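Participant: Quick one: the structure is below, questions incoming.
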Amino acid sequence: MQNSEALALTAALLAAAGDLTKRINDGVVARGFEVRPAHGFAFSRLAPDGATVTDLAAHLGVTKQAASQLVDELVRKGYVERRPHPRDARARLVVLTERGWACTRAAEEAAAEVVREWSGLVGEGEVRALLRQLLRLAPDGPLRPSW
């Protein structure tokens, strides 16, 4: 593959990821939730069992202070709550509230709408093949925003 083709591929993947993120967030906001994409990336780490602020910071690629500020915002909005950590008395566990879970379900619905649209454009088989290939290329890649 030529350098120009590699650059075109990376640009296309980044554009698709950015468009997907925007469309999921737009769908969540349209369903009545006051969120931004960083919240969704945090929710992906907090579901299903919660996480500490330190875990969340590592997941998002930010400082503990930035993650703590994000958690404070999510607590104020009613999406998460802090609970005692079951195995570490020094730590607090951040978990999704029912509102947080409802927002997560709204994101799943919005994502499914986008994927259905992609299937209509290129065919369901092609979308499934894309999924298989991307899982081979980045099976454990971080799920986080680009800050």
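Naming works like this for the structure tokens: A, B, ... for the chains as they're shown, residue 1 at the start of each chain, ligands 1 onward in shown order.
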What residues in stretch 30-125 of chain A get the DSSP label strand (DSSP E)? Please answer as a ChimeraX atom specification.

Facilitator: /A:80-84,92-96

Participant: Sorted by chain and rising residue number, list the residues of stretch 4-30 of chain A at most 8 Å from stretch 110-116 of chain A (counting only C-alpha atoms), each with its closest atom pair and distance in Å to one decimal, as CSV.

Facilitator:
residue,atom,partner,partner_atom,distance
A:Leu20,CA,A:Val114,CA,7.3
A:Arg23,CA,A:Ala110,CA,7.4
A:Ile24,CA,A:Ala110,CA,5.1
A:Asn25,CA,A:Ala110,CA,7.9
A:Gly27,CA,A:Ala110,CA,5.2
A:Val28,CA,A:Ala110,CA,6.7

Participant: Check the smallest atom-to-atom distance from each of A:Ala17, A:Ala12, A:Ala47, A:Leu137 to A:Cys103 using only C-alpha atoms, then report the winner.

Facilitator: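 When distances to A:Cys103 are compared using only C-alpha atoms, the smallest one comes from A:Ala47.
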
Participant: Considering only C-alpha atoms, return as a list in words whatever protein or nucleic-acid residues lie within 10 Å of A:Asp55, sequence-local ones (same chain, fewer than 4 positions apart) excluded.

Facilitator: Arg45, Leu46, Gly50, Ala51, His59, Leu60, Gly61, Lys64, Ala67, Leu93 and Val94 of chain A
